[in-house]
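Let me begin by presenting the structure, written as structure tokens, before commenting on it.
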Amino acid sequence: MSVGLGMPELPPPVIAPRRKTRQLELRHPTHPVLVGGDAPVSVQSMCTTVTADVNATLQQIAQLTATGCQVVRVAVPSTDDAAALSAIAKKSGIPVIADIHFQPKYIFAAIDAGCAAVRVNPGNIREFDGRVGEIAKAAKDSGTPIRIGVNAGSLDKRIMEKYGKATPEALVESALWECSLFEEHDFRNIKISVKHHDPVVMVKAYELLSQQCDYPLHLGVTEAGPAFQGTVKSAVAFGALLSRGIGDTIRVSLSAPPEEEVKVGLQILESLNLRQRGLEIVSCPSCGRAQVDVYTLAEEVTAGLEGMEVPLRVAVMGCVVNGPGEARDADLGVASGNGKGQIFVKGEVIKTVPEALIVETLIEEAMHLAEQMQLDGGVTGDGGPSVSVS
């Protein structure tokens with residue numbers, strides 16, 4: 001059966017236009033990333049390996065890259081870590097950012113190593129303000145962007161004395177003060193983060209910051225917590241900001257493998273139409289109307305379609321109330337009931353199969369659609385299939 005797979009002519013709608021910002025480039029020989037301006041919102045994560053272990057770090061970067069990570073950060077707490085930066089930056093498949101605390105000498109080491117950018121935390125780097133001129137010159141000469149990363153847990157003592165705690169105003173004042181020091185040396189290749197563990201404080205801080213500067217902003221809820229809690233907190237905070245056009249790159253901070261951070265970050269962007277939708281699961285909680293095991297169907301279809309790189313929307317429906325409508329509206333779907341399922345392709349019923357064959361049939365039809373989309377040139381490679389389950 002031949003099915004028309006024309007791609008939509010217009011881009012998907014977004015809630016609000018993006019905030020206008022400066023743009024900087026995270027350089028890389030093959031996969032540079034633009035941040036700010038009209039560039040797409042990018043997804044970052046951070047290695048959990050010891051940076052000095054070059055092989056382990058590169059292996060984790062490769063795993064993150066395969067998951068969809070676009071920028072990776074590595075910790076540099078020691079001389080051995082700093083010495084490893086050059087090899088990592090050269091061999092990484094995506095831009096590498098050096099994360100610097102306490103020792104300003106590692107900032108210069110990261111710049112010399114060819115890192116795509118350097119993150120500095122002014123609140124805990126000794127004598128940072130007095131060395132801004134040196135840092136600005138080295139960064140300007142090499143074209144290396146600087147992220148001024150302000151964290152609630154490591155604010156400058158002067159700011160803490162003034163505000164008493166890490167309020168939104170304290171976070172913003174700290175970040176803008178450090179920016180002003182760089183600006184005195186005519187350095188503006190900067191992005192900013194003002195992270196807090198409380199999503200409400202974090203959102204307010206970024207709102208204030210967005211009103212007072214045009215630097216690109218790196219969004220993050222710091223120490224967000226274990227996977228479930230951290231996902232919810234990050235989704236709430238990022239959604240509140242990105243839906244207003246605030247935010248240029250994101251990092252979801254979870255007490256979980258870094259690949260999970262990337263998956264959550266990508267899903268947040270897809271949900272807001274800020275990235276081509278990939279594998280999307282929209283699942284009903286089930287109820288007494290369901291005549292099939294929706295939970296099992298959803299899990300098996302998701303597992304069977306994992307890794308496909310075409311933007312299909314597949315609806316797996318468990319009752320007769322919304323089932324036919326949702327299945328008809330998807331690229332591929334099933335409306336289930338009475339031990340069988342009607343299979344829809346682009347709104348048309350193509351067959352009815354027993355419940356035991358629903359998953360197998362959907363996966364088979366998805367493969368056919370994916371092959372046809374590839375032949376028609378409708379696959380961009382930005383994401384996997386889009387699956388609606390209800």
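Every chain in the structure tokens has a letter given in the order shown (A, B, ...), and although residue numbers restart at 1 in each chain, ligands are simply numbered from 1 in the order shown.
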When DSSP works through the backbone of this structure, what residues of stretch 65-163 of chain A end up as strand (DSSP E or B), shown as a tab-separated table (two decimals) with C-alpha atoms, in the first residue's frame?
chain	number	residue	atom	x	y	z
A	71	VAL	CA	28.11	19.46	24.12
A	72	VAL	CA	29.95	17.75	26.97
A	73	ARG	CA	31.60	19.14	30.07
A	74	VAL	CA	34.50	17.53	31.94
A	75	ALA	CA	35.72	18.25	35.45
A	96	VAL	CA	34.32	19.76	25.12
A	97	ILE	CA	33.94	22.35	27.88
A	98	ALA	CA	36.37	22.38	30.80
A	99	ASP	CA	34.73	22.86	34.21
A	100	ILE	CA	37.03	24.89	36.47
A	117	ALA	CA	34.85	26.72	26.09
A	118	VAL	CA	35.65	27.08	29.76
A	119	ARG	CA	33.15	27.17	32.59
A	120	VAL	CA	34.30	29.20	35.58
A	146	ILE	CA	33.68	31.68	28.86
A	147	ARG	CA	30.65	30.50	30.79
A	148	ILE	CA	30.17	32.39	34.01
A	149	GLY	CA	28.51	29.71	36.09
A	150	VAL	CA	26.98	31.02	39.31
A	151	ASN	CA	25.68	28.38	41.73
- [ ] Run DSSP on the backbone and grab whatever in stretch 105-286 of chain A lands in helix (DSSP H, G or I); send it over as a ChimeraX atom specification.
- [x] /A:105-112,122-124,129-142,152-154,157-163,168-183,199-212,227-242,258-271
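The space separating atom CA of A:Gly341 from atom CA of A:Leu369 comes to 18.9 Å.
Distance check against A:Arg251 using only C-alpha atoms: of A:Lys195, A:His185, A:His218, A:His368, the minimum falls on A:His218.
A straight line drawn from atom CA of A:Val314 to atom CA of A:Glu299 is 12.9 Å long.
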TODO: Just give me the gap between atom CA of A:Leu24 and atom CA of A:Ser253 in Å, one decimal is fine.
DONE: 23.0 Å
Proximity of stretch 26-143 of chain A to stretch 154-162 of chain A: per-residue shortest pair, 8 Å limit, only C-alpha atoms, as a Markdown table:
| residue | atom | partner | partner_atom | distance |
| --- | --- | --- | --- | --- |
| A:Asn121 | CA | A:Ser154 | CA | 8.0 |
| A:Pro122 | CA | A:Asp156 | CA | 7.2 |
| A:Gly123 | CA | A:Asp156 | CA | 4.2 |
| A:Asn124 | CA | A:Ser154 | CA | 6.3 |
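Residue nearest A:Leu208, chosen from A:Pro168, A:Gly347, A:Pro17, A:Gly68 and counting only C-alpha atoms: A:Pro168.
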Open item on the list: I'd like the neighbourhood of stretch 38-43 of chain A as a PyMOL selection string, where a residue qualifies if any of its atoms comes within 7 Å (using only C-alpha atoms), though same-chain residues fewer than 5 positions away should be ignored.
Closed with: chain A and resi 69-71+248-251+262+265-266
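Proximity of A:Glu364, A:Pro145, A:Gly337, A:Met46 to A:Pro257, computed with only C-alpha atoms, is greatest for A:Met46.
Among the candidates A:Val292, A:Val76, A:Met308, A:Leu357, the one nearest to A:Ala335 when counting only C-alpha atoms is A:Val292.
In terms of minimum interatomic distance to A:Val132, A:Ile107 ranks closest within A:Ile107, A:Val33, A:Val316, A:Ala116, counting only C-alpha atoms.
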